[in-house]
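Q: I have a structure here, written as structure tokens, and I will follow up with some questions on it.
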Amino acid sequence: RLQKLKEMFISKFGSAPKFYARAPGRVNLIGEHIDYCGYAVLPMAIEQDILIAVEPVQTQVVQLANTNSSYLDFSTSVNNIQINKTKPLWHNYFLCGLKGIQEHFGLNNPTGMNCLLDGTIPPSSGLSSSSALVCCAGLVTLRANGKTLSKVELAEICTKSEHYIGTEGGGMDQSISFLAEEGTAKLIEFSPLRATDVRLPSGATFVIANSCVEMNKAATSHYNIRVMECRLATKLLSKSKGLDWKKMLRLHDVQTKLGVSLEEMLTIVEEVLHPEPYSTEEICKCLGISLEELRSQILSQNMQDVSTFKLYQRAKHVYSEAARVLEFKKICSEAPANALQLLGELMNQSHISCREMYECSSPELDRLVDICLQFGAIGSRLTGAGWGGCTVSMVPTDKLNTFLKNVQKAYYQTDGQRLAVENNSLFATKPGRGALVFVEA
């Protein structure tokens with residue numbers, strides 16, 4: 001693959017690349033939609049990745065090309081980075097990483113670059129292809145400009161810089177992309193960012209299945225509405241408990257301030273919030289503010305026209321999912337005899353909560369989860385933002401081959417469109433290594 005990339009680079013730019021950078025995609029085993037609420041998540045890096053061949057150049061121009069001809073070439077001056085939020089094209093994700101590093105170091109005359117990108121992560125599949133591209137671009141820019149940072153600093157900069165494209169993500173994708181190590185999943189905690197090894201039990205394999213429904217986070221408002229619903233739930237819960245609600249941004253902050261357990265937070269949600277959607281008027285009344293204040297101080301620019309918000313369901317999902325993550329890690333550490341059954345049950349509960357409380361599943365994802373469970377998965381759930389993308393299933397290793405055959409037949413071979421992409425759509429994966437830069441020997 002590297003040789004092929006090098007040959008393409010030479011025919012494209014007329015000279016050889018000086019170095020390469022790679023950043024992996026990831027699968028989140030459990031802990032969906034809670035990183036931006038401040039809670040720990042449990043992902044692992046996958047073998048699929050973004051690989052970029054790079055040659056720093058004297059001109060202050062970045063030229064980007066892609067081995068996939070459906071992604072058009074792009075070039076821009078390094079001193080004038082414009083990121084278009086309305087149309088999240090592939091090169092904009094590269095520019096996010098580039099701009100993040102430039103701004104961090106205050107680079108006045110950054111190095112120009114020729115870059116050729118090759119990706120093996122299926123796009124818009126919930127396996128973090130866009131964040132891997134942001135991370136890889138950050139790494140490339142760092143190296144080309146002769147700067148150094150720790151992996152944790154890089155992860156934090158790339159998390160912030162992905163916000164340039166309008167996605168209000170929480171940092172899981174960038175953190176696992178940099179901090180992953182081969183052979184182990186990671187519990188990733190935030191503020192401060194830290195990663196702890198989680199040894200997955202032997203006897204089971206994780207299988208990723210793509211629903212073949214694309215979901216592009218930045219191009220949809222679903223994702224950002226959920227972020228806002230969690231923020232509003234934070235405000236209402238804080239206010240009801242006499243906390244300084246104006247300063248509270250994440251559901252985790254409420255728990256920390258109150259000093260209670262996740263189980264107790266679930267009880268508080270039941271007491272304080274009602275299952276019916278909240279109108280903007282009711283939210284204003286609860287907080288004692290005007291609609292103008294709500295719009296200017298709390299709602300983000302792209303939320304001004306949303307008139308109802310589901311707060312009870314979102315808070316319930318976040319607190320229960322945060323508890324499932326901690327339980328998952330505990331089971332992996334203690335390794336009881338029935339560990340696989342217990343972990344599978346947590347994955348199944350997670351999917352039900354994503355489907356019913358967070359409403360981020362889709363008919364295809366639900367069908368795929370059912371098929372996976374029917375053919376022997378111990379646990380199966382959507383992974384990534386949802387509304388399309390992939391499922392992750394835990395399958396007994398001795399049943400893996402029959403499982404793959406049956407799922408292929410039941411889901412992919414019944415539909416012409418899915419059949420066309422089935423080769424890259426269903427695969428077993430092991431925890432892979434994190435992002436790195438390398439130079440050919």
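Chain labels A, B, ... are given in the sequence in which chains occur in the structure tokens; within each chain residues are numbered consecutively from 1, and ligands are likewise numbered from 1 in the order shown.
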So that I can see what lies close to Gly97 of chain A, please list as a CSV table (one decimal) with all heavy atoms, in the first residue's frame the residues with an atom at most 10 Å from it, counting only C-alpha atoms and leaving out residues fewer than 6 positions away in the same chain.
A:
chain,number,residue,atom,x,y,z
A,131,SER,N,-12.7,12.4,11.9
A,131,SER,CA,-11.8,12.8,13.0
A,131,SER,C,-10.4,12.2,12.7
A,131,SER,O,-9.4,12.8,13.0
A,131,SER,CB,-12.3,12.2,14.3
A,131,SER,OG,-13.5,12.9,14.6
A,132,ALA,N,-10.3,11.0,12.1
A,132,ALA,CA,-9.0,10.4,11.8
A,132,ALA,C,-8.2,11.4,10.8
A,132,ALA,O,-7.1,11.6,10.9
A,132,ALA,CB,-9.1,9.0,11.2
A,133,LEU,N,-9.0,11.9,9.8
A,133,LEU,CA,-8.4,12.9,8.9
A,133,LEU,C,-8.0,14.2,9.5
A,133,LEU,O,-6.9,14.7,9.3
A,133,LEU,CB,-9.5,13.2,7.8
A,133,LEU,CG,-9.1,14.2,6.7
A,133,LEU,CD1,-7.7,14.0,6.1
A,133,LEU,CD2,-10.1,14.2,5.6
A,134,VAL,N,-8.8,14.7,10.5
A,134,VAL,CA,-8.4,15.9,11.2
A,134,VAL,C,-7.1,15.6,12.0
A,134,VAL,O,-6.1,16.4,12.0
A,134,VAL,CB,-9.5,16.3,12.2
A,134,VAL,CG1,-9.0,17.5,13.1
A,134,VAL,CG2,-10.7,16.8,11.4
A,135,CYS,N,-7.0,14.4,12.7
A,135,CYS,CA,-5.8,14.1,13.5
A,135,CYS,C,-4.6,13.9,12.6
A,135,CYS,O,-3.5,14.3,12.9
A,135,CYS,CB,-6.1,12.8,14.2
A,135,CYS,SG,-7.3,13.0,15.6
A,136,CYS,N,-4.8,13.2,11.5
A,136,CYS,CA,-3.7,13.0,10.6
A,136,CYS,C,-3.1,14.3,10.0
A,136,CYS,O,-1.9,14.5,9.9
A,136,CYS,CB,-4.1,12.0,9.4
A,136,CYS,SG,-2.8,11.0,8.8
A,137,ALA,N,-4.0,15.2,9.7
A,137,ALA,CA,-3.6,16.5,9.2
A,137,ALA,C,-2.9,17.3,10.2
A,137,ALA,O,-1.9,18.0,10.0
A,137,ALA,CB,-4.9,17.3,8.7
A,138,GLY,N,-3.3,17.2,11.5
A,138,GLY,CA,-2.6,17.9,12.6
A,138,GLY,C,-1.2,17.4,12.7
A,138,GLY,O,-0.3,18.1,12.9
A,139,LEU,N,-1.1,16.0,12.6
A,139,LEU,CA,0.2,15.4,12.8
A,139,LEU,C,1.2,15.8,11.6
A,139,LEU,O,2.3,16.1,11.8
A,139,LEU,CB,0.0,13.9,12.8
A,139,LEU,CG,1.0,13.0,13.4
A,139,LEU,CD1,1.4,13.4,14.8
A,139,LEU,CD2,0.5,11.5,13.4
A,140,VAL,N,0.6,15.8,10.4
A,140,VAL,CA,1.4,16.2,9.2
A,140,VAL,C,1.9,17.6,9.4
A,140,VAL,O,3.1,17.9,9.1
A,140,VAL,CB,0.4,16.1,8.0
A,140,VAL,CG1,0.9,16.9,6.8
A,140,VAL,CG2,0.3,14.6,7.6
A,141,THR,N,1.0,18.6,9.8
A,141,THR,CA,1.4,20.0,9.9
A,141,THR,C,2.4,20.2,11.0
A,141,THR,O,3.4,20.9,10.8
A,141,THR,CB,0.1,20.8,10.3
A,141,THR,OG1,-0.9,20.5,9.3
A,141,THR,CG2,0.4,22.3,10.2
A,142,LEU,N,2.3,19.4,12.1
A,142,LEU,CA,3.2,19.5,13.2
A,142,LEU,C,4.6,19.1,12.7
A,142,LEU,O,5.6,19.8,12.9
A,142,LEU,CB,2.8,18.5,14.3
A,142,LEU,CG,3.5,18.6,15.6
A,142,LEU,CD1,3.1,19.8,16.4
A,142,LEU,CD2,3.1,17.3,16.5
A,154,LEU,N,-1.9,16.9,21.4
A,154,LEU,CA,-2.4,16.8,20.0
A,154,LEU,C,-3.9,16.4,20.0
A,154,LEU,O,-4.6,17.0,19.2
A,154,LEU,CB,-1.6,15.7,19.3
A,154,LEU,CG,-0.4,16.1,18.5
A,154,LEU,CD1,0.4,14.9,18.1
A,154,LEU,CD2,-0.9,16.8,17.2
A,157,ILE,N,-5.9,19.5,20.9
A,157,ILE,CA,-6.0,20.5,19.8
A,157,ILE,C,-6.9,20.1,18.7
A,157,ILE,O,-7.7,20.8,18.1
A,157,ILE,CB,-4.5,20.8,19.3
A,157,ILE,CG1,-3.7,21.6,20.4
A,157,ILE,CG2,-4.6,21.7,18.0
A,157,ILE,CD1,-2.2,21.6,20.1
A,158,CYS,N,-6.7,18.8,18.3
A,158,CYS,CA,-7.6,18.3,17.2
A,158,CYS,C,-9.0,18.2,17.5
A,158,CYS,O,-9.9,18.4,16.7
A,158,CYS,CB,-7.0,16.9,16.7
A,158,CYS,SG,-5.5,17.0,15.9
A,159,THR,N,-9.4,18.0,18.8
A,159,THR,CA,-10.8,18.0,19.2
A,159,THR,C,-11.3,19.4,19.0
A,159,THR,O,-12.4,19.6,18.5
A,159,THR,CB,-10.9,17.6,20.7
A,159,THR,OG1,-10.4,16.3,20.9
A,159,THR,CG2,-12.3,17.7,21.2
A,160,LYS,N,-10.6,20.4,19.5
A,160,LYS,CA,-11.0,21.8,19.4
A,160,LYS,C,-11.1,22.2,17.9
A,160,LYS,O,-12.1,22.9,17.5
A,160,LYS,CB,-10.0,22.8,20.1
A,160,LYS,CG,-10.2,22.8,21.6
A,160,LYS,CD,-9.6,24.1,22.1
A,160,LYS,CE,-9.2,24.0,23.6
A,160,LYS,NZ,-7.9,23.3,23.8
A,161,SER,N,-10.1,21.8,17.1
A,161,SER,CA,-10.1,22.3,15.7
A,161,SER,C,-11.2,21.6,14.9
A,161,SER,O,-11.6,22.2,13.9
A,161,SER,CB,-8.7,22.1,15.1
A,161,SER,OG,-8.4,20.8,15.0
A,162,GLU,N,-11.7,20.5,15.3
A,162,GLU,CA,-12.8,19.9,14.5
A,162,GLU,C,-14.1,20.7,14.6
A,162,GLU,O,-15.0,20.7,13.8
A,162,GLU,CB,-13.1,18.4,14.9
A,162,GLU,CG,-13.9,17.7,13.8
A,162,GLU,CD,-13.9,16.2,13.9
A,162,GLU,OE1,-12.9,15.6,14.3
A,162,GLU,OE2,-14.9,15.6,13.5
A,164,TYR,N,-14.2,23.7,14.1
A,164,TYR,CA,-14.3,24.7,13.0
A,164,TYR,C,-15.3,24.3,11.9
A,164,TYR,O,-15.8,25.1,11.1
A,164,TYR,CB,-12.9,24.8,12.3
A,164,TYR,CG,-11.8,25.3,13.1
A,164,TYR,CD1,-10.5,24.8,13.1
A,164,TYR,CD2,-12.0,26.5,13.9
A,164,TYR,CE1,-9.4,25.3,13.8
A,164,TYR,CE2,-10.9,27.0,14.7
A,164,TYR,CZ,-9.7,26.3,14.6
A,164,TYR,OH,-8.6,26.8,15.4
Q: Using only C-alpha atoms, determine which residues lie at most 9 Å from Tyr39 of chain A, disregarding the query and same-chain residues fewer than 2 positions distant; provide the list as an MDAnalysis selection string.
A: chainID A and resid 31 34:37 41 188:190 251:252 318:319 322
Q: Could you dump the residues just selected with all heavy atoms as a compact mmCIF listing (two decimals), in the first residue's frame?
A:
# COMPACT_ATOMS: atom_id res chain seq x y z
N GLY A 31 -20.64 3.49 25.37
CA GLY A 31 -20.50 4.88 25.82
C GLY A 31 -20.81 5.84 24.70
O GLY A 31 -20.01 6.70 24.34
N ILE A 34 -21.86 10.40 25.06
CA ILE A 34 -21.67 10.90 26.43
C ILE A 34 -20.34 11.63 26.60
O ILE A 34 -20.13 12.30 27.61
CB ILE A 34 -21.81 9.77 27.49
CG1 ILE A 34 -20.76 8.69 27.32
CG2 ILE A 34 -23.21 9.17 27.45
CD1 ILE A 34 -20.77 7.63 28.43
N ASP A 35 -19.45 11.54 25.61
CA ASP A 35 -18.16 12.24 25.76
C ASP A 35 -18.37 13.75 25.85
O ASP A 35 -17.75 14.42 26.67
CB ASP A 35 -17.17 11.86 24.63
CG ASP A 35 -17.69 12.14 23.22
OD1 ASP A 35 -18.92 12.28 23.05
OD2 ASP A 35 -16.87 12.20 22.28
N TYR A 36 -19.31 14.30 25.03
CA TYR A 36 -19.53 15.75 25.09
C TYR A 36 -20.34 16.16 26.33
O TYR A 36 -20.55 17.33 26.57
CB TYR A 36 -20.16 16.28 23.80
CG TYR A 36 -21.42 15.58 23.34
CD1 TYR A 36 -22.65 15.83 23.94
CD2 TYR A 36 -21.38 14.70 22.26
CE1 TYR A 36 -23.81 15.21 23.50
CE2 TYR A 36 -22.53 14.07 21.80
CZ TYR A 36 -23.74 14.33 22.43
OH TYR A 36 -24.88 13.71 21.97
N CYS A 37 -20.77 15.17 27.11
CA CYS A 37 -21.43 15.48 28.40
C CYS A 37 -20.43 15.35 29.55
O CYS A 37 -20.78 15.49 30.71
CB CYS A 37 -22.60 14.52 28.62
SG CYS A 37 -23.90 14.73 27.40
N VAL A 41 -15.62 7.15 28.05
CA VAL A 41 -16.08 6.27 26.98
C VAL A 41 -15.09 5.12 26.82
O VAL A 41 -13.99 5.16 27.38
CB VAL A 41 -16.21 7.05 25.66
CG1 VAL A 41 -17.40 7.99 25.71
CG2 VAL A 41 -14.94 7.84 25.36
N ILE A 188 -11.40 6.15 28.17
CA ILE A 188 -10.92 7.52 27.99
C ILE A 188 -11.75 8.46 28.85
O ILE A 188 -12.97 8.49 28.74
CB ILE A 188 -10.96 7.91 26.51
CG1 ILE A 188 -9.99 6.98 25.78
CG2 ILE A 188 -10.62 9.37 26.31
CD1 ILE A 188 -9.49 7.38 24.48
N GLU A 189 -11.05 9.17 29.75
CA GLU A 189 -11.72 10.12 30.63
C GLU A 189 -11.30 11.53 30.23
O GLU A 189 -10.23 11.72 29.66
CB GLU A 189 -11.33 9.84 32.08
CG GLU A 189 -11.79 8.46 32.55
CD GLU A 189 -11.15 8.07 33.88
OE1 GLU A 189 -10.03 7.50 33.86
OE2 GLU A 189 -11.75 8.35 34.92
N PHE A 190 -12.17 12.50 30.53
CA PHE A 190 -11.93 13.87 30.09
C PHE A 190 -11.74 14.82 31.27
O PHE A 190 -12.19 14.54 32.37
CB PHE A 190 -13.11 14.35 29.24
CG PHE A 190 -13.32 13.45 28.05
CD1 PHE A 190 -14.27 12.44 28.08
CD2 PHE A 190 -12.53 13.57 26.91
CE1 PHE A 190 -14.44 11.58 26.99
CE2 PHE A 190 -12.69 12.72 25.82
CZ PHE A 190 -13.66 11.73 25.87
N LEU A 251 -23.81 17.53 31.68
CA LEU A 251 -24.51 16.71 32.67
C LEU A 251 -23.57 16.19 33.76
O LEU A 251 -23.95 16.03 34.91
CB LEU A 251 -25.24 15.56 31.96
CG LEU A 251 -26.47 16.02 31.16
CD1 LEU A 251 -26.93 14.93 30.20
CD2 LEU A 251 -27.62 16.43 32.07
N HIS A 252 -22.31 15.97 33.37
CA HIS A 252 -21.31 15.51 34.34
C HIS A 252 -21.10 16.56 35.45
O HIS A 252 -20.90 16.22 36.62
CB HIS A 252 -20.00 15.22 33.62
CG HIS A 252 -18.92 14.68 34.51
ND1 HIS A 252 -17.91 15.47 35.01
CD2 HIS A 252 -18.69 13.44 35.00
CE1 HIS A 252 -17.10 14.73 35.76
NE2 HIS A 252 -17.56 13.50 35.78
N VAL A 318 -27.87 9.49 28.99
CA VAL A 318 -26.48 9.84 29.32
C VAL A 318 -26.07 9.24 30.67
O VAL A 318 -25.01 8.60 30.78
CB VAL A 318 -26.27 11.37 29.31
CG1 VAL A 318 -24.91 11.75 29.89
CG2 VAL A 318 -26.39 11.90 27.87
N TYR A 319 -26.89 9.40 31.69
CA TYR A 319 -26.51 8.90 33.02
C TYR A 319 -26.48 7.36 33.05
O TYR A 319 -25.61 6.76 33.67
CB TYR A 319 -27.43 9.46 34.10
CG TYR A 319 -27.22 10.94 34.36
CD1 TYR A 319 -28.29 11.84 34.34
CD2 TYR A 319 -25.94 11.45 34.61
CE1 TYR A 319 -28.09 13.21 34.57
CE2 TYR A 319 -25.74 12.82 34.83
CZ TYR A 319 -26.81 13.69 34.81
OH TYR A 319 -26.60 15.03 35.04
N ALA A 322 -23.37 6.23 31.00
CA ALA A 322 -22.13 6.47 31.75
C ALA A 322 -21.91 5.36 32.77
O ALA A 322 -20.78 4.89 32.98
CB ALA A 322 -22.20 7.83 32.44
Q: Would you mind telling me which residue in A:Pro431, A:Gly166, A:Gly100, A:Gly146 lies nearest to Thr86 of chain A when using only C-alpha atoms?
A: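 Closest residue, counting only C-alpha atoms: A:Gly166.
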Q: Quick check, in Å to one decimal: how far apart do atom CA of Ser128 of chain A and atom CA of Gly25 of chain A lie?
A: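 Between atom CA of Ser128 of chain A and atom CA of Gly25 of chain A the gap works out to 5.2 Å.
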Q: Between A:Ser362, A:Asn224, A:Ser380, A:Lys329, which one has atoms that come closest to Gln349 of chain A, using only C-alpha atoms?
A: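 For Gln349 of chain A, the nearest of the given residues is A:Ser380.
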Q: List the neighbours of Ser202 of chain A out to 12 Å using only C-alpha atoms; skip same-chain residues closer than 5 positions along the sequence, and give me the result as a PDB file with N, CA, C and O atoms, in the first residue's frame.
A:
ATOM      1  N   GLY A 183      -3.672  -4.096  20.849  1.00  0.00           N
ATOM      2  CA  GLY A 183      -4.029  -5.175  21.781  1.00  0.00           C
ATOM      3  C   GLY A 183      -4.898  -4.764  22.953  1.00  0.00           C
ATOM      4  O   GLY A 183      -5.287  -5.604  23.754  1.00  0.00           O
ATOM      5  N   THR A 184      -5.207  -3.479  23.092  1.00  0.00           N
ATOM      6  CA  THR A 184      -6.031  -3.086  24.241  1.00  0.00           C
ATOM      7  C   THR A 184      -7.021  -1.990  23.860  1.00  0.00           C
ATOM      8  O   THR A 184      -6.698  -1.105  23.073  1.00  0.00           O
ATOM      9  N   CYS A 332     -14.354  -6.247  32.699  1.00  0.00           N
ATOM     10  CA  CYS A 332     -13.098  -6.598  32.008  1.00  0.00           C
ATOM     11  C   CYS A 332     -11.954  -6.764  33.017  1.00  0.00           C
ATOM     12  O   CYS A 332     -11.111  -7.648  32.871  1.00  0.00           O
ATOM     13  N   ALA A 335     -12.852  -9.983  35.305  1.00  0.00           N
ATOM     14  CA  ALA A 335     -12.959 -11.191  34.482  1.00  0.00           C
ATOM     15  C   ALA A 335     -13.682 -12.356  35.158  1.00  0.00           C
ATOM     16  O   ALA A 335     -13.121 -13.444  35.307  1.00  0.00           O
ATOM     17  N   PRO A 336     -14.950 -12.192  35.563  1.00  0.00           N
ATOM     18  CA  PRO A 336     -15.692 -13.326  36.117  1.00  0.00           C
ATOM     19  C   PRO A 336     -15.949 -14.385  35.035  1.00  0.00           C
ATOM     20  O   PRO A 336     -15.770 -14.101  33.847  1.00  0.00           O
ATOM     21  N   ALA A 337     -16.369 -15.573  35.440  1.00  0.00           N
ATOM     22  CA  ALA A 337     -16.576 -16.670  34.483  1.00  0.00           C
ATOM     23  C   ALA A 337     -17.606 -16.303  33.410  1.00  0.00           C
ATOM     24  O   ALA A 337     -17.492 -16.712  32.265  1.00  0.00           O
ATOM     25  N   ASN A 338     -18.616 -15.536  33.796  1.00  0.00           N
ATOM     26  CA  ASN A 338     -19.659 -15.180  32.824  1.00  0.00           C
ATOM     27  C   ASN A 338     -19.455 -13.782  32.234  1.00  0.00           C
ATOM     28  O   ASN A 338     -20.411 -13.107  31.848  1.00  0.00           O
ATOM     29  N   ALA A 339     -18.182 -13.348  32.150  1.00  0.00           N
ATOM     30  CA  ALA A 339     -17.859 -11.988  31.673  1.00  0.00           C
ATOM     31  C   ALA A 339     -18.498 -11.691  30.318  1.00  0.00           C
ATOM     32  O   ALA A 339     -19.079 -10.616  30.128  1.00  0.00           O
ATOM     33  N   LEU A 340     -18.409 -12.622  29.374  1.00  0.00           N
ATOM     34  CA  LEU A 340     -18.924 -12.348  28.034  1.00  0.00           C
ATOM     35  C   LEU A 340     -20.422 -12.079  28.054  1.00  0.00           C
ATOM     36  O   LEU A 340     -20.910 -11.158  27.397  1.00  0.00           O
ATOM     37  N   MET A 394     -20.293  -8.423  19.655  1.00  0.00           N
ATOM     38  CA  MET A 394     -19.319  -9.288  20.308  1.00  0.00           C
ATOM     39  C   MET A 394     -19.729 -10.734  20.013  1.00  0.00           C
ATOM     40  O   MET A 394     -20.830 -11.156  20.361  1.00  0.00           O
ATOM     41  N   VAL A 395     -18.829 -11.448  19.342  1.00  0.00           N
ATOM     42  CA  VAL A 395     -19.150 -12.785  18.835  1.00  0.00           C
ATOM     43  C   VAL A 395     -18.168 -13.798  19.406  1.00  0.00           C
ATOM     44  O   VAL A 395     -16.959 -13.542  19.406  1.00  0.00           O
ATOM     45  N   PRO A 396     -18.652 -14.960  19.896  1.00  0.00           N
ATOM     46  CA  PRO A 396     -17.707 -15.987  20.353  1.00  0.00           C
ATOM     47  C   PRO A 396     -16.765 -16.350  19.200  1.00  0.00           C
ATOM     48  O   PRO A 396     -17.231 -16.603  18.080  1.00  0.00           O
ATOM     49  N   THR A 397     -15.468 -16.356  19.473  1.00  0.00           N
ATOM     50  CA  THR A 397     -14.479 -16.548  18.405  1.00  0.00           C
ATOM     51  C   THR A 397     -14.697 -17.861  17.651  1.00  0.00           C
ATOM     52  O   THR A 397     -14.533 -17.911  16.434  1.00  0.00           O
ATOM     53  N   ASP A 398     -15.121 -18.897  18.355  1.00  0.00           N
ATOM     54  CA  ASP A 398     -15.307 -20.188  17.667  1.00  0.00           C
ATOM     55  C   ASP A 398     -16.528 -20.190  16.740  1.00  0.00           C
ATOM     56  O   ASP A 398     -16.703 -21.091  15.936  1.00  0.00           O
ATOM     57  N   LYS A 430      -9.415  -6.125  15.654  1.00  0.00           N
ATOM     58  CA  LYS A 430      -8.695  -6.216  16.935  1.00  0.00           C
ATOM     59  C   LYS A 430      -8.268  -4.791  17.303  1.00  0.00           C
ATOM     60  O   LYS A 430      -8.121  -3.956  16.422  1.00  0.00           O
TER      61      LYS A 430
END
Q: Compile the contact shell of Ala65 of chain A as a PyMOL selection string: residues with an atom at most 9 Å away, counting only C-alpha atoms, same-chain residues fewer than 2 positions apart removed.
A: chain A and resi 9+12+63+67-69+71-75+91+114-117
Q: Those same residues, written as a PDB file, in the first residue's frame with N, CA, C and O atoms?
A:
ATOM      1  N   PHE A   9       2.126   9.362  -5.683  1.00  0.00           N
ATOM      2  CA  PHE A   9       2.602  10.677  -5.243  1.00  0.00           C
ATOM      3  C   PHE A   9       3.595  11.241  -6.271  1.00  0.00           C
ATOM      4  O   PHE A   9       3.492  12.390  -6.693  1.00  0.00           O
ATOM      5  N   LYS A  12       1.981  12.308  -9.420  1.00  0.00           N
ATOM      6  CA  LYS A  12       1.138  13.480  -9.211  1.00  0.00           C
ATOM      7  C   LYS A  12       1.964  14.766  -9.039  1.00  0.00           C
ATOM      8  O   LYS A  12       1.686  15.802  -9.629  1.00  0.00           O
ATOM      9  N   GLN A  63      -1.188  21.649  -1.288  1.00  0.00           N
ATOM     10  CA  GLN A  63      -1.883  20.950  -2.372  1.00  0.00           C
ATOM     11  C   GLN A  63      -2.332  19.607  -1.850  1.00  0.00           C
ATOM     12  O   GLN A  63      -1.515  18.814  -1.375  1.00  0.00           O
ATOM     13  N   THR A  67      -6.313   9.461  -3.268  1.00  0.00           N
ATOM     14  CA  THR A  67      -6.202   8.292  -4.150  1.00  0.00           C
ATOM     15  C   THR A  67      -7.585   7.884  -4.679  1.00  0.00           C
ATOM     16  O   THR A  67      -7.698   7.173  -5.659  1.00  0.00           O
ATOM     17  N   ASN A  68      -8.632   8.344  -3.979  1.00  0.00           N
ATOM     18  CA  ASN A  68      -9.997   8.058  -4.424  1.00  0.00           C
ATOM     19  C   ASN A  68     -10.453   9.203  -5.328  1.00  0.00           C
ATOM     20  O   ASN A  68     -10.617  10.336  -4.878  1.00  0.00           O
ATOM     21  N   SER A  69     -10.660   8.894  -6.620  1.00  0.00           N
ATOM     22  CA  SER A  69     -10.921   9.953  -7.601  1.00  0.00           C
ATOM     23  C   SER A  69     -12.249  10.676  -7.373  1.00  0.00           C
ATOM     24  O   SER A  69     -12.483  11.741  -7.940  1.00  0.00           O
ATOM     25  N   TYR A  71     -12.959  12.099  -4.701  1.00  0.00           N
ATOM     26  CA  TYR A  71     -12.619  13.265  -3.867  1.00  0.00           C
ATOM     27  C   TYR A  71     -11.701  14.183  -4.666  1.00  0.00           C
ATOM     28  O   TYR A  71     -10.578  13.804  -4.994  1.00  0.00           O
ATOM     29  N   LEU A  72     -12.180  15.368  -4.973  1.00  0.00           N
ATOM     30  CA  LEU A  72     -11.449  16.251  -5.882  1.00  0.00           C
ATOM     31  C   LEU A  72     -10.213  16.882  -5.243  1.00  0.00           C
ATOM     32  O   LEU A  72     -10.172  17.113  -4.033  1.00  0.00           O
ATOM     33  N   ASP A  73      -9.216  17.187  -6.105  1.00  0.00           N
ATOM     34  CA  ASP A  73      -8.007  17.880  -5.644  1.00  0.00           C
ATOM     35  C   ASP A  73      -8.382  19.259  -5.096  1.00  0.00           C
ATOM     36  O   ASP A  73      -9.383  19.846  -5.494  1.00  0.00           O
ATOM     37  N   PHE A  74      -7.497  19.766  -4.238  1.00  0.00           N
ATOM     38  CA  PHE A  74      -7.761  21.076  -3.641  1.00  0.00           C
ATOM     39  C   PHE A  74      -6.437  21.738  -3.328  1.00  0.00           C
ATOM     40  O   PHE A  74      -5.488  21.081  -2.917  1.00  0.00           O
ATOM     41  N   SER A  75      -6.353  23.044  -3.542  1.00  0.00           N
ATOM     42  CA  SER A  75      -5.145  23.732  -3.065  1.00  0.00           C
ATOM     43  C   SER A  75      -5.516  25.105  -2.514  1.00  0.00           C
ATOM     44  O   SER A  75      -6.506  25.711  -2.931  1.00  0.00           O
ATOM     45  N   HIS A  91     -11.639  17.977   2.033  1.00  0.00           N
ATOM     46  CA  HIS A  91     -10.449  18.796   2.319  1.00  0.00           C
ATOM     47  C   HIS A  91     -10.664  19.724   3.518  1.00  0.00           C
ATOM     48  O   HIS A  91      -9.706  20.141   4.164  1.00  0.00           O
ATOM     49  N   ASN A 114       2.811  19.337  -0.185  1.00  0.00           N
ATOM     50  CA  ASN A 114       2.077  18.505  -1.131  1.00  0.00           C
ATOM     51  C   ASN A 114       1.654  17.251  -0.364  1.00  0.00           C
ATOM     52  O   ASN A 114       2.508  16.619   0.268  1.00  0.00           O
ATOM     53  N   CYS A 115       0.377  16.920  -0.408  1.00  0.00           N
ATOM     54  CA  CYS A 115      -0.120  15.771   0.356  1.00  0.00           C
ATOM     55  C   CYS A 115      -0.997  14.881  -0.517  1.00  0.00           C
ATOM     56  O   CYS A 115      -1.862  15.382  -1.242  1.00  0.00           O
ATOM     57  N   LEU A 116      -0.764  13.577  -0.417  1.00  0.00           N
ATOM     58  CA  LEU A 116      -1.642  12.610  -1.083  1.00  0.00           C
ATOM     59  C   LEU A 116      -2.226  11.699  -0.017  1.00  0.00           C
ATOM     60  O   LEU A 116      -1.492  11.107   0.772  1.00  0.00           O
ATOM     61  N   LEU A 117      -3.540  11.635  -0.012  1.00  0.00           N
ATOM     62  CA  LEU A 117      -4.236  10.916   1.064  1.00  0.00           C
ATOM     63  C   LEU A 117      -4.844   9.604   0.560  1.00  0.00           C
ATOM     64  O   LEU A 117      -5.396   9.545  -0.540  1.00  0.00           O
TER      65      LEU A 117
END
Q: What separation in Å, quoted to one decimal, exists between atom CA of Arg231 of chain A and atom CA of Arg250 of chain A?
A: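 Going from atom CA of Arg231 of chain A over to atom CA of Arg250 of chain A covers 5.8 Å.
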